[in-house]
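Trainee: Structure file coords-v2.cif, mmCIF, C-alpha atoms, is pasted below:
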```
data_model
loop_
_atom_site.label_atom_id
_atom_site.label_comp_id
_atom_site.auth_asym_id
_atom_site.auth_seq_id
_atom_site.Cartn_x
_atom_site.Cartn_y
_atom_site.Cartn_z
CA ALA A 1 19.63 -22.01 -14.30
CA ILE A 2 17.50 -18.87 -13.92
CA LEU A 3 19.82 -16.78 -16.08
CA ARG A 4 19.94 -19.34 -18.90
CA GLY A 5 18.04 -18.02 -21.93
CA ILE A 6 17.69 -14.53 -20.45
CA ARG A 7 18.30 -12.99 -23.90
CA VAL A 8 15.78 -15.24 -25.68
CA GLY A 9 12.44 -13.81 -26.69
CA GLU A 10 10.47 -10.69 -25.87
CA PHE A 11 7.52 -9.85 -23.60
CA SER A 12 4.70 -12.31 -24.19
CA TYR A 13 3.02 -13.47 -20.94
CA ASN A 14 -0.60 -12.46 -21.73
CA VAL A 15 -0.81 -8.66 -22.00
CA ASP A 16 0.52 -7.89 -18.51
CA GLU A 17 4.22 -8.55 -19.07
CA ALA A 18 4.57 -5.94 -21.81
CA GLN A 19 2.61 -3.41 -19.75
CA HIS A 20 4.95 -3.96 -16.80
CA ALA A 21 7.87 -3.28 -19.14
CA VAL A 22 6.35 -0.11 -20.62
CA THR A 23 5.43 1.15 -17.14
CA GLY A 24 9.09 0.65 -16.21
CA LEU A 25 10.03 2.88 -19.14
CA TYR A 26 7.55 5.45 -17.84
CA ALA A 27 9.20 5.27 -14.41
CA ALA A 28 12.61 5.69 -16.03
CA GLY A 29 11.28 8.77 -17.79
CA LEU A 30 10.04 10.23 -14.51
CA LEU A 31 13.39 9.60 -12.85
CA HIS A 32 15.34 11.04 -15.78
CA ASP A 33 13.16 14.01 -16.66
CA HIS A 34 11.83 14.82 -13.12
CA PRO A 35 9.00 16.87 -14.71
CA ALA A 36 7.54 19.86 -12.92
CA HIS A 37 4.03 18.61 -13.68
CA PRO A 38 4.11 14.81 -13.31
CA ILE A 39 0.38 14.28 -13.90
CA GLN A 40 0.47 16.12 -17.21
CA TYR A 41 3.66 14.22 -18.05
CA THR A 42 1.79 10.97 -17.40
CA TYR A 43 -1.08 11.95 -19.70
CA GLN A 44 1.38 12.87 -22.43
CA PHE A 45 3.32 9.63 -22.03
CA TYR A 46 0.16 7.54 -22.20
CA ALA A 47 -1.10 9.42 -25.25
CA GLN A 48 2.10 8.51 -27.07
CA TYR A 49 2.71 5.04 -25.57
CA PRO A 50 -0.67 3.70 -24.38
CA ALA A 51 0.46 0.60 -22.46
CA ILE A 52 1.19 1.73 -18.88
CA GLY A 53 -0.44 0.36 -15.74
CA VAL A 54 -0.40 3.39 -13.46
CA ILE A 55 -2.69 2.87 -10.40
CA HIS A 56 -3.82 -0.57 -11.65
CA TRP A 57 -0.63 -2.03 -10.15
CA PRO A 58 1.36 -0.63 -7.20
CA PRO A 59 4.44 1.46 -8.04
CA LEU A 60 7.41 -0.11 -6.22
CA PHE A 61 8.59 -2.63 -8.82
CA TYR A 62 8.53 0.01 -11.57
CA ALA A 63 10.86 2.28 -9.60
CA PHE A 64 13.51 -0.48 -9.55
CA GLU A 65 12.80 -1.42 -13.16
CA GLY A 66 13.14 2.22 -14.18
CA LEU A 67 16.53 2.41 -12.45
CA SER A 68 17.59 -0.74 -14.30
CA PHE A 69 16.59 0.82 -17.63
CA LEU A 70 18.53 4.00 -16.81
CA LEU A 71 21.67 2.02 -15.90
CA LEU A 72 21.54 -0.74 -18.54
CA GLY A 73 19.36 0.73 -21.28
CA PRO A 74 15.75 -0.08 -22.22
CA SER A 75 15.94 -3.78 -23.03
CA VAL A 76 14.34 -7.13 -22.25
CA VAL A 77 17.47 -8.21 -20.36
CA ALA A 78 17.42 -5.13 -18.12
CA ALA A 79 13.79 -5.83 -17.20
CA ARG A 80 14.50 -9.51 -16.46
CA LEU A 81 17.54 -8.65 -14.36
CA THR A 82 15.25 -6.58 -12.15
CA VAL A 83 13.14 -9.67 -11.52
CA LEU A 84 16.32 -11.67 -10.90
CA ALA A 85 17.39 -9.23 -8.18
CA PHE A 86 14.07 -9.75 -6.38
CA THR A 87 14.42 -13.51 -6.89
CA LEU A 88 17.78 -13.56 -5.12
CA LEU A 89 16.35 -11.50 -2.26
CA GLY A 90 13.50 -13.98 -1.79
CA LEU A 91 15.76 -17.03 -1.98
CA PHE A 92 18.16 -15.51 0.53
CA ALA A 93 15.30 -14.70 2.93
CA TRP A 94 13.87 -18.22 2.62
CA PHE A 95 17.31 -19.81 3.17
CA ASP A 96 17.87 -17.62 6.21
CA MET A 97 14.46 -18.49 7.66
CA VAL A 98 14.79 -22.27 7.20
CA ARG A 99 18.36 -22.24 8.49
CA GLU A 100 17.16 -20.62 11.68
CA LEU A 101 14.19 -22.96 12.08
CA GLN A 102 16.16 -26.13 11.19
CA ASN A 103 19.74 -26.18 9.87
CA GLU A 104 21.84 -25.21 6.85
CA TRP A 105 21.38 -28.51 4.97
CA THR A 106 17.60 -28.25 5.18
CA ALA A 107 17.84 -24.62 4.08
CA VAL A 108 20.07 -25.49 1.11
CA LEU A 109 17.79 -28.25 -0.17
CA SER A 110 14.54 -26.36 0.41
CA THR A 111 15.84 -23.19 -1.25
CA ALA A 112 17.22 -25.03 -4.27
CA LEU A 113 13.98 -26.98 -4.76
CA LEU A 114 11.99 -23.76 -4.51
CA ALA A 115 14.18 -21.90 -7.02
CA LEU A 116 14.01 -24.75 -9.54
CA LEU A 117 10.27 -25.40 -9.45
CA PRO A 118 8.98 -25.13 -13.06
CA ALA A 119 5.94 -23.13 -11.90
CA LEU A 120 8.24 -20.62 -10.23
CA LEU A 121 10.96 -20.77 -12.87
CA LEU A 122 8.51 -19.41 -15.44
CA PHE A 123 8.02 -16.25 -13.38
CA GLU A 124 11.70 -15.97 -12.48
CA LYS A 125 12.29 -15.60 -16.24
CA THR A 126 9.25 -13.39 -16.87
CA VAL A 127 8.71 -9.69 -16.18
CA MET A 128 5.68 -10.19 -13.96
CA LEU A 129 5.03 -9.09 -10.39
CA GLU A 130 4.61 -12.58 -8.91
CA VAL A 131 8.23 -13.26 -7.94
CA PRO A 132 9.01 -9.72 -6.67
CA CYS A 133 5.90 -9.83 -4.49
CA LEU A 134 6.61 -13.40 -3.32
CA SER A 135 10.18 -12.48 -2.40
CA LEU A 136 9.11 -9.49 -0.32
CA CYS A 137 6.40 -11.59 1.36
CA ILE A 138 8.98 -14.25 2.28
CA ALA A 139 11.25 -11.58 3.74
CA ALA A 140 8.36 -10.08 5.73
CA SER A 141 7.32 -13.54 6.98
CA CYS A 142 10.90 -14.27 8.05
CA CYS A 143 11.01 -11.08 10.14
CA TRP A 144 7.56 -11.69 11.64
CA THR A 145 8.51 -15.25 12.60
CA ARG A 146 11.62 -14.03 14.38
CA TYR A 147 9.56 -11.58 16.36
CA LEU A 148 7.06 -14.27 17.37
CA LEU A 149 9.82 -16.61 18.50
CA TYR A 150 12.27 -14.20 20.10
CA GLU A 151 10.40 -10.87 20.55
CA LYS A 152 13.25 -8.88 19.07
CA ARG A 153 11.87 -5.42 18.37
CA SER A 154 14.48 -4.75 15.70
CA THR A 155 12.90 -7.42 13.50
CA LEU A 156 9.66 -5.44 13.49
CA PHE A 157 11.38 -2.54 11.74
CA TRP A 158 12.44 -4.91 8.97
CA PHE A 159 8.97 -6.43 8.93
CA VAL A 160 7.39 -3.01 8.41
CA GLY A 161 9.74 -2.31 5.50
CA PHE A 162 9.25 -5.64 3.72
CA ALA A 163 5.50 -5.86 4.37
CA SER A 164 4.97 -2.30 3.08
CA ALA A 165 7.14 -3.03 0.05
CA ALA A 166 5.14 -6.20 -0.68
CA LEU A 167 1.84 -4.32 -0.50
CA LEU A 168 3.30 -1.68 -2.82
CA THR A 169 4.44 -4.35 -5.32
CA LYS A 170 1.26 -6.38 -5.85
CA GLN A 171 -2.12 -6.62 -4.17
CA ASN A 172 -1.77 -10.40 -3.72
CA SER A 173 0.33 -9.73 -0.62
CA VAL A 174 -2.94 -9.08 1.26
CA TYR A 175 -2.67 -12.62 2.64
CA LEU A 176 0.14 -11.38 4.94
CA PRO A 177 -2.14 -9.87 7.65
CA LEU A 178 -4.04 -13.17 7.90
CA PHE A 179 -0.76 -15.09 8.16
CA CYS A 180 0.46 -12.80 10.94
CA LEU A 181 -2.76 -13.25 12.91
CA ALA A 182 -3.03 -17.00 12.34
CA SER A 183 0.62 -17.69 13.18
CA ALA A 184 0.43 -15.67 16.40
CA PHE A 185 -2.61 -17.63 17.58
CA ALA A 186 -1.20 -20.98 16.39
CA LEU A 187 2.00 -20.45 18.36
CA GLY A 188 0.13 -19.20 21.43
CA ARG A 189 1.68 -15.75 21.07
CA TRP A 190 -1.53 -13.83 20.46
CA ARG A 191 -0.82 -11.46 23.38
CA LEU A 192 1.98 -9.96 21.30
CA LEU A 193 -0.64 -8.62 18.88
CA VAL A 194 -1.85 -6.02 21.39
CA LYS A 195 1.58 -4.88 22.53
CA PRO A 196 2.66 -1.36 21.49
CA PRO A 197 5.51 -2.47 19.16
CA VAL A 198 3.10 -4.54 17.03
CA LEU A 199 0.43 -1.84 17.05
CA TRP A 200 2.96 0.75 15.97
CA SER A 201 4.15 -1.59 13.23
CA VAL A 202 0.60 -2.04 11.91
CA LEU A 203 0.10 1.73 11.93
CA SER A 204 3.41 2.25 10.10
CA VAL A 205 2.48 -0.22 7.35
CA ALA A 206 -0.91 1.49 6.99
CA LEU A 207 0.72 4.92 6.69
CA ILE A 208 3.26 3.72 4.10
CA ALA A 209 1.03 1.57 1.89
CA GLY A 210 -2.35 3.12 2.69
CA PRO A 211 -2.18 6.15 0.37
CA TYR A 212 -1.85 3.91 -2.70
CA TYR A 213 -4.87 1.83 -1.72
CA ILE A 214 -6.90 4.97 -1.01
CA LEU A 215 -5.99 6.12 -4.53
CA VAL A 216 -7.13 2.77 -5.93
CA TYR A 217 -10.41 3.01 -4.05
CA ARG A 218 -11.11 6.51 -5.35
CA PHE A 219 -10.14 6.08 -9.00
CA HIS A 220 -10.01 2.37 -9.79
CA TRP A 221 -12.62 0.73 -7.59
CA GLN A 222 -14.81 -0.73 -10.35
CA ILE A 223 -11.99 -2.81 -11.81
CA THR A 224 -10.83 -3.85 -8.34
CA LYS A 225 -14.37 -4.84 -7.35
CA MET A 226 -14.71 -6.95 -10.49
CA ASN A 227 -11.47 -8.82 -9.69
CA LEU A 228 -12.58 -9.41 -6.12
CA THR A 229 -16.07 -10.70 -6.90
CA ASP A 230 -16.26 -11.97 -10.49
CA SER A 231 -14.68 -15.44 -10.48
CA GLY A 232 -16.43 -17.43 -13.18
CA VAL A 233 -16.39 -20.39 -10.75
CA SER A 234 -18.64 -21.07 -7.78
CA GLY A 235 -19.62 -23.68 -5.24
CA ILE A 236 -17.33 -26.66 -4.76
CA ALA A 237 -15.29 -25.70 -7.85
CA LYS A 238 -14.27 -22.50 -6.06
CA VAL A 239 -13.27 -24.39 -2.91
CA VAL A 240 -11.08 -26.97 -4.69
CA PHE A 241 -9.71 -24.71 -7.45
CA TYR A 242 -6.27 -24.08 -5.92
CA TRP A 243 -5.91 -27.62 -4.55
CA LYS A 244 -6.37 -28.86 -8.12
CA CYS A 245 -3.63 -26.45 -9.23
CA LEU A 246 -1.15 -27.76 -6.66
CA PRO A 247 0.06 -30.87 -8.59
CA GLY A 248 0.82 -28.66 -11.58
CA GLN A 249 2.77 -26.24 -9.42
CA LEU A 250 4.84 -28.79 -7.49
CA GLY A 251 4.73 -31.93 -9.64
CA TRP A 252 3.39 -35.20 -8.27
CA THR A 253 6.73 -36.33 -6.83
CA LEU A 254 7.34 -33.21 -4.74
CA LEU A 255 3.69 -33.04 -3.74
CA ALA A 256 3.75 -36.64 -2.48
CA LEU A 257 7.03 -36.07 -0.62
CA SER A 258 5.75 -32.85 0.95
CA LEU A 259 2.59 -34.57 2.20
CA LEU A 260 4.71 -37.42 3.55
CA GLY A 261 6.96 -34.87 5.25
CA LEU A 262 3.93 -33.21 6.81
CA VAL A 263 2.52 -36.51 8.09
CA THR A 264 5.89 -37.51 9.58
CA SER A 265 6.74 -34.03 10.93
CA PRO A 266 6.12 -35.04 14.59
CA ARG A 267 9.23 -37.27 14.26
CA TRP A 268 11.63 -34.64 12.93
CA ASP A 269 10.14 -31.14 13.36
CA ARG A 270 9.16 -28.91 16.24
CA ARG A 271 5.42 -28.55 16.59
CA SER A 272 5.66 -24.75 16.51
CA THR A 273 7.48 -24.78 13.15
CA THR A 274 4.99 -27.21 11.62
CA LEU A 275 2.12 -24.99 12.77
CA LEU A 276 3.88 -21.96 11.33
CA MET A 277 4.16 -23.58 7.91
CA LEU A 278 0.55 -24.79 8.01
CA THR A 279 -0.74 -21.31 8.84
CA TRP A 280 1.30 -20.00 5.89
CA ILE A 281 -0.39 -22.49 3.55
CA GLY A 282 -3.82 -21.94 5.09
CA SER A 283 -3.61 -18.13 4.93
CA CYS A 284 -2.77 -18.24 1.22
CA TYR A 285 -5.53 -20.73 0.49
CA VAL A 286 -8.25 -18.85 2.40
CA THR A 287 -7.30 -15.44 0.98
CA PHE A 288 -7.14 -16.45 -2.67
CA THR A 289 -10.19 -18.70 -2.46
CA LEU A 290 -12.23 -15.75 -1.20
CA ILE A 291 -10.91 -13.50 -4.00
CA GLY A 292 -13.03 -13.87 -7.12
CA LEU A 293 -10.34 -13.79 -9.82
CA LYS A 294 -8.87 -17.29 -10.09
CA ASP A 295 -5.46 -18.10 -11.55
CA ALA A 296 -2.93 -20.77 -10.58
CA ARG A 297 -0.14 -18.17 -10.39
CA HIS A 298 -1.93 -16.41 -7.54
CA THR A 299 -0.94 -19.17 -5.12
CA LEU A 300 2.77 -19.31 -5.84
CA TYR A 301 2.96 -17.79 -2.36
CA TRP A 302 2.20 -21.11 -0.63
CA LEU A 303 4.95 -23.11 -2.37
CA PRO A 304 7.83 -22.40 0.09
CA PRO A 305 6.26 -24.37 3.00
CA PHE A 306 5.75 -27.41 0.76
CA THR A 307 9.46 -27.47 -0.12
CA TYR A 308 10.21 -27.11 3.60
CA PHE A 309 8.38 -30.36 4.41
CA VAL A 310 10.25 -32.20 1.62
CA ALA A 311 13.67 -30.94 2.66
CA GLY A 312 13.04 -31.34 6.38
CA MET A 313 12.01 -34.96 6.03
CA LEU A 314 15.04 -35.88 3.92
CA THR A 315 17.60 -34.06 6.08
CA ARG A 316 16.18 -34.45 9.60
CA MET A 317 14.09 -37.61 9.85
CA PHE A 318 16.88 -40.18 9.61
CA PRO A 319 19.76 -39.32 11.98
CA ARG A 320 21.35 -42.80 11.87
CA GLN A 321 22.90 -44.99 9.20
CA PRO A 322 22.03 -46.66 6.87
CA LEU A 323 18.74 -44.80 6.49
CA ARG A 324 20.56 -41.47 6.59
CA ALA A 325 22.66 -42.48 3.59
CA VAL A 326 19.49 -43.47 1.73
CA ALA A 327 17.89 -40.10 2.54
CA VAL A 328 21.01 -38.22 1.39
CA ALA A 329 21.02 -40.18 -1.89
CA ALA A 330 17.31 -39.47 -2.40
CA ALA A 331 17.89 -35.75 -1.78
CA ALA A 332 20.80 -35.73 -4.27
CA VAL A 333 18.70 -37.48 -6.93
CA LEU A 334 15.79 -35.11 -6.34
CA LEU A 335 17.99 -32.03 -6.51
CA GLY A 336 19.87 -33.32 -9.55
CA SER A 337 16.71 -34.10 -11.50
CA SER A 338 15.30 -30.68 -10.61
CA LEU A 339 18.47 -28.98 -11.83
CA VAL A 340 18.51 -30.93 -15.11
CA ALA A 341 14.86 -30.04 -15.74
CA ALA A 342 15.50 -26.38 -14.88
CA TRP A 343 18.59 -26.20 -17.10
CA SER A 344 16.65 -27.46 -20.11
CA TYR A 345 13.59 -25.31 -19.36
CA GLN A 346 12.71 -22.60 -21.87
CA ARG A 347 9.73 -20.40 -21.25
CA PRO A 348 7.37 -19.86 -24.22
CA TYR A 349 8.42 -16.77 -26.12
CA VAL A 350 7.81 -14.60 -29.16
CA SER A 351 10.25 -12.44 -31.13
CA GLY A 352 10.23 -9.98 -34.01
CA TYR A 353 8.48 -7.04 -32.38
CA SER A 354 11.78 -5.29 -31.70
CA ALA A 355 12.85 -5.52 -35.35
CA ALA A 356 9.44 -4.31 -36.53
CA ALA A 357 9.46 -1.32 -34.17
CA LYS A 358 13.00 -0.40 -35.16
CA ALA A 359 12.10 -0.54 -38.84
CA VAL A 360 9.05 1.66 -38.28
CA THR A 361 11.05 4.34 -36.44
CA GLN A 362 13.64 4.36 -39.23
CA ILE A 363 11.02 4.64 -41.97
CA ALA A 364 8.83 7.19 -40.20
CA PRO A 365 10.73 9.30 -37.65
CA GLY A 366 7.53 11.16 -36.74
CA GLY A 367 3.77 11.04 -37.03
CA ILE A 368 1.04 8.71 -35.80
CA ILE A 369 1.30 4.93 -36.06
CA LEU A 370 -1.76 2.66 -36.17
CA TYR A 371 -1.00 -0.80 -34.81
CA ASP A 372 -3.29 -3.78 -35.36
CA GLY A 373 -2.05 -7.09 -34.00
CA ASP A 374 -1.36 -9.23 -30.95
CA LEU A 375 0.59 -7.99 -27.92
CA PRO A 376 0.40 -4.25 -28.67
CA GLY A 377 2.32 -3.49 -25.46
CA ASN A 378 5.29 -5.46 -26.77
CA PHE A 379 5.40 -3.35 -29.93
CA ILE A 380 4.94 -0.16 -27.89
CA PHE A 381 7.87 -1.02 -25.61
CA PHE A 382 10.31 -1.38 -28.50
CA LEU A 383 8.87 1.64 -30.26
CA ARG A 384 9.64 3.72 -27.18
CA ALA A 385 13.06 2.08 -26.76
CA ASN A 386 13.97 2.99 -30.37
CA ASP A 387 12.45 6.48 -30.32
CA PRO A 388 15.20 9.12 -30.06
#
```
Take the structure in the file and give it back as C-alpha cells.

Mentor:
Amino acid sequence: AILRGIRVGEFSYNVDEAQHAVTGLYAAGLLHDHPAHPIQYTYQFYAQYPAIGVIHWPPLFYAFEGLSFLLLGPSVVAARLTVLAFTLLGLFAWFDMVRELQNEWTAVLSTALLALLPALLLFEKTVMLEVPCLSLCIAASCCWTRYLLYEKRSTLFWFVGFASAALLTKQNSVYLPLFCLASAFALGRWRLLVKPPVLWSVLSVALIAGPYYILVYRFHWQITKMNLTDSGVSGIAKVVFYWKCLPGQLGWTLLALSLLGLVTSPRWDRRSTTLLMLTWIGSCYVTFTLIGLKDARHTLYWLPPFTYFVAGMLTRMFPRQPLRAVAVAAAAVLLGSSLVAAWSYQRPYVSGYSAAAKAVTQIAPGGIILYDGDLPGNFIFFLRANDP
C-alpha cells in the first residue's frame, strides 16, 4: 500500500520536500567527490544549485538519501525508497514494542492501523523528515521502555544510538527527553534516572548530537528562535490546536475507538502500560504546544499510542465467546476498510519539472539559468540530476 504510486509525481509538499531532495544530492556529491575543502565545496554547490538545507535541518537523513542516490541514481523513486526504509524500521520497532507489552495479535493490528493512517500515509509517500524522525523516536522509546521494565543495560546502548539518530534527523524529536522523564516517574522508576548507566547514556547522546545543535545556535539561531516563539496563535487557541487536529489525523472512527480503549483499559491492560502510553501522548502534546510554530504534522509522533488503545481493546478485552468473535470481526472490518482506503490513496502531486529541466540542459549545456515559477527546488533537483 505504501509502495503503490511511488513513481507518480515529483516533489511538491510545500518547498521543503524539494529542498530535502536537493540536499540529498549534495550529500551524494560529498560522498562521491570527498572534496579536500568541504566548506568551499558547499558554497560552490549552493551557488550552482541554491536549494539545500545545510544546518537548517540535521544531517542524518541526507547521508542515507545520498547513498540511495549513489546506488540507484538521482531520482524521485530513490528518494522515496529512503523514506520507505525508515518507515519499515519504525513499523518493526512499534510491532516489537507492542508484542512485548501485549501479544502478537495486538501488535499486528496496531502496526497495520498505524501504517495505513491517511495522515501518516501521506508522509510515508513524501520525502519529508516526519516519518524518518518518527521511526527513530519509536525505536528509541522501545529501548527506553525495556530498560525501565527490565533494567537491561544493553538496551541503553541501543537507546543512545536511536535517540541520537532521531535528534540528528529532525528537531521535533526534542519531546523524547520529556517522555523519558515522565515515563520513569509514572512507572515509579525515577531512581533509575540517577544511576550511572542512565547518566552515561545522557552524556553520550549529548556528545553525539550536541555539536550539531551548537552549530545551529551559533549560525542559525534567529530562524530557530522565530520557529520556537512565533506561532500566530495564542491563548486558548494555542492550547487546543493539536487536539483539534487529532480527528483529522486519526479519523473519527479510530479516535472514538481509541478513547473507548483508554476508558476500558483497566479491564484489559496493565496499569503500567497504560501510563506509559499516556506519558507518550502527554509529552508530545506539551512539547509541541510550547513550541511556537504550529502544524498538524508536528504531532504525528503521538499517533502510535492511539492505535495501541484501539488494537488492545479489540484483541484483549473480550477473552470469551461470543463477544470475542464480535471483536475479531470488528477488527477485521476495521483493518480491511483501512487497507482499501490506503490502496486507493494518492497523495497530491505535480509533474513536468523533470521534462522541463531535461529540455533546458539539452538546449543550453552551459551558462546561467534564470528560473521564475513555483517550486524552484523541484526544478533545481532535476536540473542537477540531468547535468553531466

Trainee: Would you mind listing what lies within 7 Å of A:Thr361 as a PyMOL selection string, with all atoms listed in the file counted and same-chain residues fewer than 4 positions away left out?

Mentor: chain A and resi 357+365+386-387

Trainee: For stretch 84-119 of chain A versus stretch 158-182 of chain A, which residues have an atom no more than 12 Å away, and what is each residue's nearest atom pair and distance in Å rounded to one decimal, using all atoms listed in the file, chain-then-number order, as a Markdown table?

Mentor:
```
| residue | atom | partner | partner_atom | distance |
| --- | --- | --- | --- | --- |
| A:Phe86 | CA | A:Thr169 | CA | 11.1 |
| A:Leu89 | CA | A:Phe162 | CA | 11.0 |
| A:Gly90 | CA | A:Phe162 | CA | 10.9 |
| A:Ala93 | CA | A:Phe162 | CA | 10.9 |
```

Trainee: What's around A:Arg4 at 10 Å? Count only C-alpha atoms, leave out sequence neighbours fewer than 5 positions away in its own chain, and write the answer as a list in words.

Mentor: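 Counting only C-alpha atoms, the residues come to Lys125, Ala342, Trp343, Ser344, Tyr345 and Gln346 of chain A.
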
Trainee: Would you write out, as a list in words, every residue that the PyMOL selection byres ((chain A and resi 28-40) around 10) captures in this file?

Mentor: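 Checking the PyMOL selection byres ((chain A and resi 28-40) around 10) against this file, the residues are Val22, Thr23, Gly24, Leu25, Tyr26, Ala27, Tyr41, Thr42, Tyr43, Gln44, Phe45, Tyr46, Tyr62, Ala63, Phe64, Glu65, Gly66, Leu67, Ser68, Phe69, Leu70, Leu71, Gly73 and Pro74 of chain A.
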
Trainee: Counting all atoms listed in the file, note down every residue that has an atom within 12 Å of the point (8.0, -18.5, 11.7) (file coordinates), as an NGL selection string.

Mentor: :A and (94 or 96-102 or 138-151 or 179-180 or 182-184 or 186-187 or 189 or 270-280 or 305)

Trainee: Could you write those residues out with C-alpha atoms, as a short mmCIF file (atom, residue, chain, number, x, y, z; two decimals), in the frame of the given file?

Mentor:
```cif
data_model
loop_
_atom_site.label_atom_id
_atom_site.label_comp_id
_atom_site.auth_asym_id
_atom_site.auth_seq_id
_atom_site.Cartn_x
_atom_site.Cartn_y
_atom_site.Cartn_z
CA TRP A 94 13.87 -18.22 2.62
CA ASP A 96 17.87 -17.62 6.21
CA MET A 97 14.46 -18.49 7.66
CA VAL A 98 14.79 -22.27 7.20
CA ARG A 99 18.36 -22.24 8.49
CA GLU A 100 17.16 -20.62 11.68
CA LEU A 101 14.19 -22.96 12.08
CA GLN A 102 16.16 -26.13 11.19
CA ILE A 138 8.98 -14.25 2.28
CA ALA A 139 11.25 -11.58 3.74
CA ALA A 140 8.36 -10.08 5.73
CA SER A 141 7.32 -13.54 6.98
CA CYS A 142 10.90 -14.27 8.05
CA CYS A 143 11.01 -11.08 10.14
CA TRP A 144 7.56 -11.69 11.64
CA THR A 145 8.51 -15.25 12.60
CA ARG A 146 11.62 -14.03 14.38
CA TYR A 147 9.56 -11.58 16.36
CA LEU A 148 7.06 -14.27 17.37
CA LEU A 149 9.82 -16.61 18.50
CA TYR A 150 12.27 -14.20 20.10
CA GLU A 151 10.40 -10.87 20.55
CA PHE A 179 -0.76 -15.09 8.16
CA CYS A 180 0.46 -12.80 10.94
CA ALA A 182 -3.03 -17.00 12.34
CA SER A 183 0.62 -17.69 13.18
CA ALA A 184 0.43 -15.67 16.40
CA ALA A 186 -1.20 -20.98 16.39
CA LEU A 187 2.00 -20.45 18.36
CA ARG A 189 1.68 -15.75 21.07
CA ARG A 270 9.16 -28.91 16.24
CA ARG A 271 5.42 -28.55 16.59
CA SER A 272 5.66 -24.75 16.51
CA THR A 273 7.48 -24.78 13.15
CA THR A 274 4.99 -27.21 11.62
CA LEU A 275 2.12 -24.99 12.77
CA LEU A 276 3.88 -21.96 11.33
CA MET A 277 4.16 -23.58 7.91
CA LEU A 278 0.55 -24.79 8.01
CA THR A 279 -0.74 -21.31 8.84
CA TRP A 280 1.30 -20.00 5.89
CA PRO A 305 6.26 -24.37 3.00
#
```

Trainee: To one decimal place, how far is atom CA of A:Ala359 from atom CA of A:Asn378 in Å?

Mentor: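 Atom-to-atom, atom CA of A:Ala359 and atom CA of A:Asn378 are spaced 14.7 Å apart.
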
Trainee: Which distance in Å separates atom CA of A:Phe379 and atom CA of A:Tyr353, to one decimal?

Mentor: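 Taking atom CA of A:Phe379 and atom CA of A:Tyr353, their separation equals 5.4 Å.
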
Trainee: Give me, as JSON lines, each residue of stretch 20-101 of chain A that comes within 12 Å of stretch 223-245 of chain A, together with its shortest interatomic pair and the distance in Å at one decimal, counting all atoms listed in the file, with rows ordered by chain and rising residue number.

Mentor:
```
{"residue": "A:Ile55", "atom": "CA", "partner": "A:Thr224", "partner_atom": "CA", "distance": 10.8}
{"residue": "A:His56", "atom": "CA", "partner": "A:Thr224", "partner_atom": "CA", "distance": 8.4}
{"residue": "A:Trp57", "atom": "CA", "partner": "A:Thr224", "partner_atom": "CA", "distance": 10.5}
```

Trainee: Could you save the residues just selected, with C-alpha atoms, as a compact mmCIF listing (two decimals), keeping the file's coordinate frame?

Mentor:
```txt
# COMPACT_ATOMS: atom_id res chain seq x y z
CA ILE A 55 -2.69 2.87 -10.40
CA HIS A 56 -3.82 -0.57 -11.65
CA TRP A 57 -0.63 -2.03 -10.15
```

Trainee: Report the distance between atom CA of A:Thr299 and atom CA of A:Leu121 in Å, rounded to one decimal place.

Mentor: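 We find that atom CA of A:Thr299 and atom CA of A:Leu121 lie 14.3 Å from each other.
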
Trainee: I'd like the residues picked by the PyMOL selection byres ((chain A and resi 311) around 6) written out as a PyMOL selection string, using the chain letters and numbers from the file.

Mentor: chain A and resi 106+109-110+308-310+312-314

Trainee: Selected residues, C-alpha atoms, written as a CSV table (one decimal), in the coordinates of the input, please.

Mentor:
```csv
chain,number,residue,atom,x,y,z
A,106,THR,CA,17.6,-28.2,5.2
A,109,LEU,CA,17.8,-28.2,-0.2
A,110,SER,CA,14.5,-26.4,0.4
A,308,TYR,CA,10.2,-27.1,3.6
A,309,PHE,CA,8.4,-30.4,4.4
A,310,VAL,CA,10.2,-32.2,1.6
A,312,GLY,CA,13.0,-31.3,6.4
A,313,MET,CA,12.0,-35.0,6.0
A,314,LEU,CA,15.0,-35.9,3.9
```

Trainee: Run the PyMOL selection byres ((chain A and resi 88) around 12) against the file shown and list the residues it catches, as JSON, numbers by chain.

Mentor: {"A": [2, 3, 81, 82, 83, 84, 85, 86, 87, 89, 90, 91, 92, 93, 94, 95, 111, 112, 114, 115, 124, 131, 132, 134, 135, 136, 138, 139]}

Trainee: Near A:Val326, counting all atoms listed in the file, which residues have an atom at most 12 Å away, once you skip same-chain residues fewer than 6 positions from it, shown as a ChimeraX atom specification?

Mentor: /A:314-315,317-320,332-333

Trainee: What are the centre and the three edge lengths of an axis-aligned box that wraps all atoms of stretch 53-69 of chain A in the file, given that 3 Å is added to every side, written as JSON and rounded to one decimal in Å?

Mentor:
```
{"center_x": 6.9, "center_y": 0.4, "center_z": -11.9, "size_x": 27.4, "size_y": 12.0, "size_z": 17.4}
```
